[in-house]
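One structure below.
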Number of protein chains: 2
Amino acid sequence: MATEPIKVLVVDDEPNIRDLLTTSLKFNGFSVYAVGNGNDAVLAAEKGKPDIILLDVMLPDQSGFAVTKKIRAMGIDVPVLFLSARDETEDKITGLTVGGDDYITKPFSLDEIVARINAILRRTQKVETEESVLEVGEILMNEDAHEVFVGGQAVEFSPTEYKLLRFLMTNANRVMSKGQILDHVWEYDFGGEMGIVESYVSYLRKKLDPLTTEPVIITKRGVGYMYKSSK
Amino acid sequence: MATEPIKVLVVDDEPNIRDLLTTSLKFNGFSVYAVGNGNDAVLAAEKGKPDIILLDVMLPDQSGFAVTKKIRAMGIDVPVLFLSARDETEDKITGLTVGGDDYITKPFSLDEIVARINAILRRTQKVETEESVLEVGEILMNEDAHEVFVGGQAVEFSPTEYKLLRFLMTNANRVMSKGQILDHVWEYDFGGEMGIVESYVSYLRKKLDPLTTEPVIITKRGVGYMYKSSK
DNA sequence: AGTGTTTATCAGGCATCTCTCAGCAAACTC
DNA sequence: GAGTTTGCTGAGAGATGCCTGATAAACACT
């Protein structure tokens with residue numbers, strides 16, 4: 001586990017987004033370097049040899065596509081995860097998911113970013129050890145197929161339910177506060193109340209509890225929730 | 001599996017096309033070298049000993065046919081997949097596609113390029129291991145004959161339906177987003193909406209579902225589609 | 001030129017999902 | 001044990017995503 005950390009280059013002109021991504025990715029064990037424009041991105045890609053680039057398609061000096069071309073032209077064959085606003089996406093996505101590349105729309109959730117980065121690294125063989133299957137306790141989650149098995153039984157989940165479950169599973173046996181959950185599972189511009197977390201935990205329990213020998217999501221009153229597995 | 005990678009020489013004067021092909025082919029496991037004109041192509045063919053050449057017929061300095069002749073004159077017997085604009089007369093090309101050669105019109109789809117390369121390599125014996133038959137679950141696809149059998153029953157598909165089915169089958173048990181599908185199955189300059197994917201999935205299901213014991217194309221709401229086979 | 005096929009768009013309908021709220025239950029405080 | 005806080009969950013409104021039939025244009029093959 002103490003191998004070289006994965007290097008991520010973050011490129012976005014909005015300082016808020018940059019900080020958000022930097023903090024979150026560092027916390028997830030990545031080594032992060034962030035810049036705010038295309039020129040710096042090209043330079044950083046050349047010098048820093050990142051394993052993956054998080055690249056906003058709308059930059060002040062040039063488009064993310066231009067940046068990608070310049071980087072590739074230098075013979076640097078690094079996968080790119082594009083970030084784009086929801087409305088500019090639909091028509092311009094053509095060609096973006098070629099090779100190891102992928103794209104994600106703003107506003108995104110931090111958990112989703114991490115999941116997608118891992119998916120890309122898995123596909124591009126940068127990481128051999130990573131498995132697309134996440135198994136904790138009685139629950140098995142196949143990320144590629146977006147399928148979940150609880151005690152061997154396939155269970156369907158809505159996108160948000162799925163993300164919440166994945167977040168709790170990846171942080172198994174650790175209490176996560178509702179605030180943390182909201183910050184990681186919901187899109188970063190979510191303006192609602194924390195009650196939504198309670199609702200979704202309830203949805204999860206309704207589907208999970210009938211199939212597990214003991215409750216998997218524990219409430220730590222006044223603190224948060226925890227996915228529990230006796231290992 | 002750890003055999004020598006297939007070497008592909010890409011020759012096209014448009015940098016966009018070059019990048020697109022390079023990225024896509026590399027991701028599909030090929031070793032790629034790309035040049036932008038006929039002279040460099042001849043040199044690269046001599047030094048690089050490619051297993052196959054992707055050759056644009058309209059190059060700035062000389063025609064793709066001239067390039068082919070020079071290469072063959074040097075005793076290098078490499079198959080060529082010609083790329084030509086749709087309006088360039090097809091009969092001219094047809095006469096020149098000797099041996100294992102083939103041609104494909106621009107704009108092409110990336111999935112089609114890979115399929116054609118594999119078909120040529122199969123025919124020219126460069127690769128013995130490759131099979132022309134793709135069988136996943138209850139569906140069997142014979143690439144050479146362009147035939148599909150669903151539960152032993154022959155079914156006809158339109159070109160786009162066929163390509164979509166092949167793409168889903170080659171990525172069985174993995175959810176593919178509509179964006180990914182569009183990027184790989186449709187021509188690279190397709191400017192339409194993702195709704196077209198929904199339509200074609202609907203067409204496929206109408207033909208497949210009556211002949212399979214259970215639905216083969218699964219919708220993962222908010223994520224994409226998946227060809228499912230219980231293995 | 002004529003016919004049938006294929007591609008692509010669109011809109012209506014439908015199912016699901018998201019989020020909020022309110023009443024109830026459980027747990028903690030004193 | 002009474003009061004207070006915190007969490008649980010059913011109900012429901014509105015939004016979203018997906019499916020499919022209708023349709024028109026492009027194309028292919030006589």
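Chains: A, B, ... in order of the structure tokens. Residues: from 1 per chain. Ligands: from 1, in order shown.
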Practice item. Output as a PyMOL selection string all residues of segment 22-188 of chain B that backbone DSSP marks as strand (DSSP E or B). Key: chain B and resi 31-35+52-56+58+63+80-85+102-106+133-136+139-142+147-150+153-155+176
Practice item. Show me which bits of chain A are within 9 Å of chain D, counting only C-alpha atoms (C1' of nucleotides), as a VMD selection string. Key: chain A and resid 198 to 199 202 219 221 to 222
Could you write out that same residue set with C-alpha atoms as a PDB file, in the first residue's frame?
ATOM      1  CA  GLU A 198     -31.744  10.548   6.826  1.00  0.00           C
ATOM      2  CA  SER A 199     -34.223   9.846   4.067  1.00  0.00           C
ATOM      3  CA  SER A 202     -33.824   4.983   5.376  1.00  0.00           C
ATOM      4  CA  THR A 219     -26.755   5.314  13.595  1.00  0.00           C
ATOM      5  CA  ARG A 221     -26.804   9.484  17.487  1.00  0.00           C
ATOM      6  CA  GLY A 222     -25.572  13.068  17.358  1.00  0.00           C
TER       7      GLY A 222
END
Exercise for review: Check every residue of chain B for an atom within 9 Å of chain C, counting only C-alpha atoms (C1' of nucleotides), and provide those that qualify as number ranges by chain.
Suggested key: B: 158-160, 192-193, 195-196, 221
Review point. Would you list which chain A residues are within 10 Å of chain B using only C-alpha atoms, as a PyMOL selection string?
Key: chain A and resi 69+72-73+77+79+89-103+123-124+142-147+156-160
Kindly export the residues of the current selection with N, CA, C and O atoms, as a CSV table (one decimal), in the first residue's frame.
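Wrote again06.csv, looks like this:
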chain,number,residue,atom,x,y,z
A,69,LYS,N,-4.7,18.5,-26.7
A,69,LYS,CA,-3.9,18.3,-27.9
A,69,LYS,C,-2.5,18.6,-27.7
A,69,LYS,O,-1.6,17.9,-28.2
A,72,ARG,N,-0.8,16.0,-25.7
A,72,ARG,CA,-0.6,14.7,-26.4
A,72,ARG,C,0.5,14.9,-27.5
A,72,ARG,O,1.2,13.9,-27.8
A,73,ALA,N,0.5,16.1,-28.1
A,73,ALA,CA,1.5,16.4,-29.1
A,73,ALA,C,2.9,16.2,-28.6
A,73,ALA,O,3.9,16.0,-29.3
A,77,ASP,N,1.2,10.7,-22.7
A,77,ASP,CA,0.0,9.9,-23.0
A,77,ASP,C,-0.8,9.7,-21.7
A,77,ASP,O,-1.0,8.6,-21.2
A,79,PRO,N,-4.2,10.0,-19.3
A,79,PRO,CA,-5.7,10.1,-19.5
A,79,PRO,C,-6.3,11.3,-18.8
A,79,PRO,O,-5.7,11.9,-17.9
A,89,THR,N,-22.3,20.6,-22.3
A,89,THR,CA,-21.9,19.2,-22.5
A,89,THR,C,-22.5,18.5,-23.7
A,89,THR,O,-21.9,18.1,-24.6
A,90,GLU,N,-23.8,18.5,-23.7
A,90,GLU,CA,-24.6,17.7,-24.6
A,90,GLU,C,-24.1,17.6,-26.1
A,90,GLU,O,-24.0,16.6,-26.6
A,91,ASP,N,-23.8,18.8,-26.6
A,91,ASP,CA,-23.5,18.8,-28.0
A,91,ASP,C,-22.0,18.7,-28.3
A,91,ASP,O,-21.6,18.3,-29.4
A,92,LYS,N,-21.2,19.0,-27.3
A,92,LYS,CA,-19.7,19.0,-27.5
A,92,LYS,C,-19.0,17.7,-27.0
A,92,LYS,O,-17.8,17.7,-27.1
A,93,ILE,N,-19.7,16.8,-26.5
A,93,ILE,CA,-19.0,15.7,-25.9
A,93,ILE,C,-18.3,14.8,-26.9
A,93,ILE,O,-17.5,14.0,-26.6
A,94,THR,N,-18.7,14.9,-28.2
A,94,THR,CA,-18.2,13.9,-29.2
A,94,THR,C,-16.7,13.8,-29.1
A,94,THR,O,-16.0,14.8,-29.2
A,95,GLY,N,-16.3,12.6,-29.0
A,95,GLY,CA,-14.9,12.3,-29.0
A,95,GLY,C,-14.2,12.4,-27.7
A,95,GLY,O,-13.0,12.0,-27.5
A,96,LEU,N,-15.0,12.7,-26.6
A,96,LEU,CA,-14.4,12.9,-25.3
A,96,LEU,C,-14.1,11.6,-24.6
A,96,LEU,O,-13.2,11.5,-23.8
A,97,THR,N,-14.9,10.6,-24.9
A,97,THR,CA,-14.7,9.3,-24.1
A,97,THR,C,-13.9,8.3,-24.9
A,97,THR,O,-13.9,7.2,-24.6
A,98,VAL,N,-13.1,8.8,-25.8
A,98,VAL,CA,-12.2,8.0,-26.6
A,98,VAL,C,-11.0,7.6,-25.7
A,98,VAL,O,-10.6,8.4,-24.9
A,99,GLY,N,-10.4,6.5,-25.9
A,99,GLY,CA,-9.3,6.1,-25.2
A,99,GLY,C,-9.7,6.0,-23.7
A,99,GLY,O,-10.7,5.6,-23.4
A,100,GLY,N,-8.7,6.3,-22.8
A,100,GLY,CA,-9.0,6.2,-21.4
A,100,GLY,C,-9.8,7.4,-20.9
A,100,GLY,O,-10.2,7.4,-19.7
A,101,ASP,N,-10.1,8.4,-21.7
A,101,ASP,CA,-10.7,9.6,-21.3
A,101,ASP,C,-12.2,9.4,-20.9
A,101,ASP,O,-12.8,8.5,-21.3
A,102,ASP,N,-12.6,10.4,-20.1
A,102,ASP,CA,-14.0,10.3,-19.7
A,102,ASP,C,-14.4,11.8,-19.4
A,102,ASP,O,-13.6,12.7,-19.4
A,103,TYR,N,-15.7,12.0,-19.1
A,103,TYR,CA,-16.1,13.4,-18.8
A,103,TYR,C,-17.1,13.3,-17.7
A,103,TYR,O,-17.8,12.3,-17.5
A,123,ARG,N,-8.9,1.2,-16.0
A,123,ARG,CA,-9.0,0.9,-17.4
A,123,ARG,C,-7.7,1.1,-18.1
A,123,ARG,O,-7.3,0.4,-19.0
A,124,THR,N,-6.9,2.1,-17.7
A,124,THR,CA,-5.7,2.4,-18.4
A,124,THR,C,-4.5,1.7,-17.8
A,124,THR,O,-3.3,2.0,-18.0
A,142,ASN,N,-20.2,-4.2,-7.7
A,142,ASN,CA,-19.4,-4.3,-8.9
A,142,ASN,C,-19.5,-2.9,-9.6
A,142,ASN,O,-20.6,-2.6,-10.2
A,143,GLU,N,-18.5,-2.2,-9.6
A,143,GLU,CA,-18.5,-0.8,-10.1
A,143,GLU,C,-18.7,-0.8,-11.6
A,143,GLU,O,-19.3,0.1,-12.1
A,144,ASP,N,-18.1,-1.7,-12.3
A,144,ASP,CA,-18.2,-1.7,-13.8
A,144,ASP,C,-19.6,-1.9,-14.2
A,144,ASP,O,-20.1,-1.3,-15.1
A,145,ALA,N,-20.3,-2.9,-13.6
A,145,ALA,CA,-21.6,-3.2,-14.0
A,145,ALA,C,-22.7,-2.4,-13.2
A,145,ALA,O,-23.9,-2.5,-13.5
A,146,HIS,N,-22.2,-1.6,-12.2
A,146,HIS,CA,-23.1,-0.9,-11.4
A,146,HIS,C,-24.1,-1.8,-10.7
A,146,HIS,O,-25.3,-1.4,-10.7
A,147,GLU,N,-23.6,-2.9,-10.3
A,147,GLU,CA,-24.5,-3.9,-9.7
A,147,GLU,C,-24.1,-4.1,-8.2
A,147,GLU,O,-23.0,-4.1,-7.9
A,156,GLU,N,-31.5,-3.6,-6.7
A,156,GLU,CA,-31.4,-2.4,-7.5
A,156,GLU,C,-31.4,-1.1,-6.6
A,156,GLU,O,-32.0,-1.0,-5.6
A,157,PHE,N,-30.6,-0.1,-7.0
A,157,PHE,CA,-30.5,1.1,-6.3
A,157,PHE,C,-30.6,2.3,-7.3
A,157,PHE,O,-30.1,2.2,-8.4
A,158,SER,N,-31.2,3.4,-6.8
A,158,SER,CA,-31.2,4.6,-7.6
A,158,SER,C,-29.8,5.2,-7.6
A,158,SER,O,-29.0,4.8,-6.7
A,159,PRO,N,-29.5,6.1,-8.5
A,159,PRO,CA,-28.1,6.6,-8.6
A,159,PRO,C,-27.7,7.2,-7.2
A,159,PRO,O,-26.5,7.0,-6.8
A,160,THR,N,-28.5,8.0,-6.6
A,160,THR,CA,-28.1,8.6,-5.3
A,160,THR,C,-27.9,7.5,-4.2
A,160,THR,O,-27.0,7.5,-3.4
